[in-house]
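Engineer: Below you'll find protein04.cif; it's mmCIF, C-alpha atoms.
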data_my_file
loop_
_atom_site.group_PDB
_atom_site.id
_atom_site.type_symbol
_atom_site.label_atom_id
_atom_site.label_comp_id
_atom_site.auth_asym_id
_atom_site.auth_seq_id
_atom_site.Cartn_x
_atom_site.Cartn_y
_atom_site.Cartn_z
ATOM 1 C CA MET A 1 93.351 71.200 112.661
ATOM 2 C CA ASP A 2 96.814 72.432 113.679
ATOM 3 C CA ARG A 3 98.445 70.409 110.901
ATOM 4 C CA ILE A 4 96.081 71.923 108.349
ATOM 5 C CA LEU A 5 96.869 75.446 109.518
ATOM 6 C CA ASP A 6 100.603 74.717 109.524
ATOM 7 C CA ARG A 7 100.409 73.508 105.932
ATOM 8 C CA LEU A 8 98.465 76.610 104.901
ATOM 9 C CA VAL A 9 101.114 78.844 106.459
ATOM 10 C CA GLU A 10 103.866 76.846 104.742
ATOM 11 C CA GLY A 11 102.131 77.216 101.410
ATOM 12 C CA GLN A 12 101.709 80.942 101.788
ATOM 13 C CA ASN A 13 105.299 81.885 102.528
ATOM 14 C CA LEU A 14 106.858 79.251 100.246
ATOM 15 C CA GLY A 15 109.792 78.956 102.608
ATOM 16 C CA LYS A 16 110.729 82.639 102.324
ATOM 17 C CA LEU A 17 111.761 84.335 105.515
ATOM 18 C CA TYR A 18 111.453 88.052 106.087
ATOM 19 C CA ASN A 19 114.876 89.672 106.155
ATOM 20 C CA PRO A 20 114.771 92.955 108.121
ATOM 21 C CA GLN A 21 118.302 93.825 106.931
ATOM 22 C CA ALA A 22 117.406 93.659 103.225
ATOM 23 C CA PHE A 23 118.329 96.838 101.369
ATOM 24 C CA TYR A 24 114.781 97.677 100.292
ATOM 25 C CA VAL A 25 113.120 97.473 103.735
ATOM 26 C CA ARG A 26 113.913 101.068 104.648
ATOM 27 C CA TYR A 27 112.246 102.261 101.420
ATOM 28 C CA ARG A 28 109.287 99.883 101.367
ATOM 29 C CA GLU A 29 106.786 102.055 103.228
ATOM 30 C CA PHE A 30 107.508 105.047 100.995
ATOM 31 C CA TYR A 31 107.100 102.990 97.804
ATOM 32 C CA ILE A 32 103.917 101.295 98.970
ATOM 33 C CA ASP A 33 102.383 104.718 99.695
ATOM 34 C CA TRP A 34 103.644 106.027 96.361
ATOM 35 C CA MET A 35 102.249 103.016 94.494
ATOM 36 C CA CYS A 36 98.879 103.472 96.220
ATOM 37 C CA THR A 37 98.763 107.129 95.188
ATOM 38 C CA LEU A 38 99.750 106.311 91.617
ATOM 39 C CA CYS A 39 97.168 103.538 91.324
ATOM 40 C CA GLY A 40 94.550 105.950 92.658
ATOM 41 C CA GLU A 41 95.491 108.625 90.134
ATOM 42 C CA LEU A 42 95.315 106.076 87.328
ATOM 43 C CA ASP A 43 91.914 104.811 88.566
ATOM 44 C CA HIS A 44 93.167 101.256 88.944
ATOM 45 C CA GLN A 45 91.173 98.665 90.848
ATOM 46 C CA PRO A 46 92.257 97.839 94.428
ATOM 47 C CA GLU A 47 93.227 94.354 93.210
ATOM 48 C CA THR A 48 95.755 95.939 90.865
ATOM 49 C CA PHE A 49 97.439 97.782 93.724
ATOM 50 C CA HIS A 50 97.539 94.719 95.991
ATOM 51 C CA HIS A 51 98.879 92.520 93.210
ATOM 52 C CA ALA A 52 101.548 95.135 92.416
ATOM 53 C CA VAL A 53 102.677 95.200 96.062
ATOM 54 C CA ASN A 54 102.748 91.408 96.162
ATOM 55 C CA THR A 55 104.788 91.347 92.953
ATOM 56 C CA LEU A 56 107.208 93.972 94.312
ATOM 57 C CA ASP A 57 107.727 92.018 97.532
ATOM 58 C CA ALA A 58 108.168 88.720 95.710
ATOM 59 C CA TYR A 59 110.739 90.210 93.337
ATOM 60 C CA LEU A 60 112.710 91.978 96.054
ATOM 61 C CA GLN A 61 112.773 88.884 98.283
ATOM 62 C CA ARG A 62 114.956 87.001 95.818
ATOM 63 C CA SER A 63 118.019 85.756 97.634
ATOM 64 C CA ASP A 64 120.292 87.097 94.886
ATOM 65 C CA ILE A 65 118.465 90.388 94.312
ATOM 66 C CA ILE A 66 121.523 92.647 94.633
ATOM 67 C CA HIS A 67 123.471 90.595 92.074
ATOM 68 C CA HIS A 68 120.401 90.400 89.852
ATOM 69 C CA ILE A 69 119.898 94.182 89.883
ATOM 70 C CA ARG A 70 123.580 94.848 89.215
ATOM 71 C CA ALA A 71 123.430 92.512 86.210
ATOM 72 C CA ILE A 72 120.778 94.654 84.474
ATOM 73 C CA PRO A 73 122.682 97.146 82.278
ATOM 74 C CA HIS A 74 120.011 99.861 82.565
ATOM 75 C CA PHE A 75 120.412 99.920 86.346
ATOM 76 C CA CYS A 76 124.188 100.474 86.285
ATOM 77 C CA GLY A 77 125.074 103.803 87.865
ATOM 78 C CA GLN A 78 121.535 104.391 89.160
ATOM 79 C CA THR A 79 120.749 105.123 92.795
ATOM 80 C CA GLU A 80 118.805 102.609 94.876
ATOM 81 C CA SER A 81 115.875 105.014 94.822
ATOM 82 C CA ASN A 82 115.821 105.178 91.012
ATOM 83 C CA VAL A 83 116.083 101.401 90.719
ATOM 84 C CA LEU A 84 113.232 100.834 93.180
ATOM 85 C CA THR A 85 111.083 103.404 91.381
ATOM 86 C CA LEU A 86 111.556 101.585 88.077
ATOM 87 C CA ILE A 87 110.796 98.231 89.686
ATOM 88 C CA ALA A 88 107.660 99.612 91.395
ATOM 89 C CA VAL A 89 106.384 101.087 88.126
ATOM 90 C CA ALA A 90 107.017 97.796 86.343
ATOM 91 C CA CYS A 91 105.066 95.959 89.057
ATOM 92 C CA ILE A 92 102.106 98.323 88.620
ATOM 93 C CA PHE A 93 102.256 97.926 84.841
ATOM 94 C CA VAL A 94 102.309 94.119 85.024
ATOM 95 C CA SER A 95 99.485 94.072 87.577
ATOM 96 C CA ALA A 96 97.394 96.455 85.492
ATOM 97 C CA LYS A 97 97.786 94.128 82.517
ATOM 98 C CA TYR A 98 96.255 91.333 84.596
ATOM 99 C CA HIS A 99 93.538 93.218 86.444
ATOM 100 C CA GLU A 100 92.469 96.231 84.421
ATOM 101 C CA GLN A 101 89.990 95.802 81.631
ATOM 102 C CA THR A 102 89.738 98.219 78.747
ATOM 103 C CA TYR A 103 86.951 98.238 76.237
ATOM 104 C CA PRO A 104 87.340 99.697 72.740
ATOM 105 C CA GLY A 105 85.372 102.895 72.250
ATOM 106 C CA ILE A 106 84.993 103.659 75.982
ATOM 107 C CA THR A 107 87.126 106.443 77.397
#
In structure tokens, write the structure found in this file.
Structural biologist:
Amino acid sequence: MDRILDRLVEGQNLGKLYNPQAFYVRYREFYIDWMCTLCGELDHQPETFHHAVNTLDAYLQRSDIIHHIRAIPHFCGQTESNVLTLIAVACIFVSAKYHEQTYPGIT
């Protein structure tokens, strides 16, 4: 049973270790709250919010995230806060595309 649980844990974290010194950690709580509020205002499903948070964490846990962000021309000269806001909005948008259903003629 222990081997099974160990394999499940391995599969969940995919070898990624939490880095408490990562640049985004100090902002994460604020952005998670902000994303929750925004998803609520947009009447998104809870799955959309959770998927957006998972997507945000997965993106920001890249080992080369600072170099990756600096390589995006639109982010040049932007503050960390502005960059994280754009990334969080993109995560919500992508998650909404997966989880939200719209039906023609229904408002």
Engineer: Which residue, A:Phe93, A:Tyr24, A:Trp34, A:Phe75, has the smallest gap to Asp57 in chain A when you use all atoms listed in the file?
Structural biologist: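 Nearest candidate to Asp57 in chain A out of A:Phe93, A:Tyr24, A:Trp34, A:Phe75: A:Tyr24.
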Engineer: Figure out the distance between CA of Glu47 in chain A and CA of Gln101 in chain A, please, to one decimal in Å.
Structural biologist: 12.1 Å
Engineer: Taking only C-alpha atoms into account, which of A:Ala71, A:Val94, A:Leu60, A:Ala52 comes nearest Val25 in chain A?
Structural biologist: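 Closest residue, counting only C-alpha atoms: A:Leu60.
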Engineer: Could you state which residues are captured by the PyMOL selection byres ((chain A and resi 85) around 12) in this file, as a PyMOL selection string?
Structural biologist: chain A and resi 24+27-28+30-32+34-35+38+56+75+78-84+86-92
Engineer: Those residues you just picked out, can you put them in a file as a PDB file, in the frame of the given file with C-alpha atoms?
Structural biologist:
ATOM      1  CA  TYR A  24     114.781  97.677 100.292  1.00  0.00           C
ATOM      2  CA  TYR A  27     112.246 102.261 101.420  1.00  0.00           C
ATOM      3  CA  ARG A  28     109.287  99.883 101.367  1.00  0.00           C
ATOM      4  CA  PHE A  30     107.508 105.047 100.995  1.00  0.00           C
ATOM      5  CA  TYR A  31     107.100 102.990  97.804  1.00  0.00           C
ATOM      6  CA  ILE A  32     103.917 101.295  98.970  1.00  0.00           C
ATOM      7  CA  TRP A  34     103.644 106.027  96.361  1.00  0.00           C
ATOM      8  CA  MET A  35     102.249 103.016  94.494  1.00  0.00           C
ATOM      9  CA  LEU A  38      99.750 106.311  91.617  1.00  0.00           C
ATOM     10  CA  LEU A  56     107.208  93.972  94.312  1.00  0.00           C
ATOM     11  CA  PHE A  75     120.412  99.920  86.346  1.00  0.00           C
ATOM     12  CA  GLN A  78     121.535 104.391  89.160  1.00  0.00           C
ATOM     13  CA  THR A  79     120.749 105.123  92.795  1.00  0.00           C
ATOM     14  CA  GLU A  80     118.805 102.609  94.876  1.00  0.00           C
ATOM     15  CA  SER A  81     115.875 105.014  94.822  1.00  0.00           C
ATOM     16  CA  ASN A  82     115.821 105.178  91.012  1.00  0.00           C
ATOM     17  CA  VAL A  83     116.083 101.401  90.719  1.00  0.00           C
ATOM     18  CA  LEU A  84     113.232 100.834  93.180  1.00  0.00           C
ATOM     19  CA  LEU A  86     111.556 101.585  88.077  1.00  0.00           C
ATOM     20  CA  ILE A  87     110.796  98.231  89.686  1.00  0.00           C
ATOM     21  CA  ALA A  88     107.660  99.612  91.395  1.00  0.00           C
ATOM     22  CA  VAL A  89     106.384 101.087  88.126  1.00  0.00           C
ATOM     23  CA  ALA A  90     107.017  97.796  86.343  1.00  0.00           C
ATOM     24  CA  CYS A  91     105.066  95.959  89.057  1.00  0.00           C
ATOM     25  CA  ILE A  92     102.106  98.323  88.620  1.00  0.00           C
TER      26      ILE A  92
END
Engineer: Return as a list of chain:residue names the set of residues that the PyMOL selection byres ((chain A and resi 45) around 12) yields on the displayed structure.
Structural biologist: A:Cys36, A:Leu38, A:Cys39, A:Gly40, A:Glu41, A:Leu42, A:Asp43, A:His44, A:Pro46, A:Glu47, A:Thr48, A:Phe49, A:His50, A:His51, A:Ala52, A:Ile92, A:Ser95, A:Ala96, A:Lys97, A:Tyr98, A:His99, A:Glu100, A:Gln101
Engineer: Provide the CA of Asp33 in chain A to CA of Val53 in chain A distance in Å, to one decimal place.
Structural biologist: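 Separation between CA of Asp33 in chain A and CA of Val53 in chain A: 10.2 Å.
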Engineer: For CA of Cys76 in chain A and CA of Ser63 in chain A, quote the distance in Å rounded to one decimal.
Structural biologist: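 Answer for the CA of Cys76 in chain A to CA of Ser63 in chain A separation: 19.6 Å.
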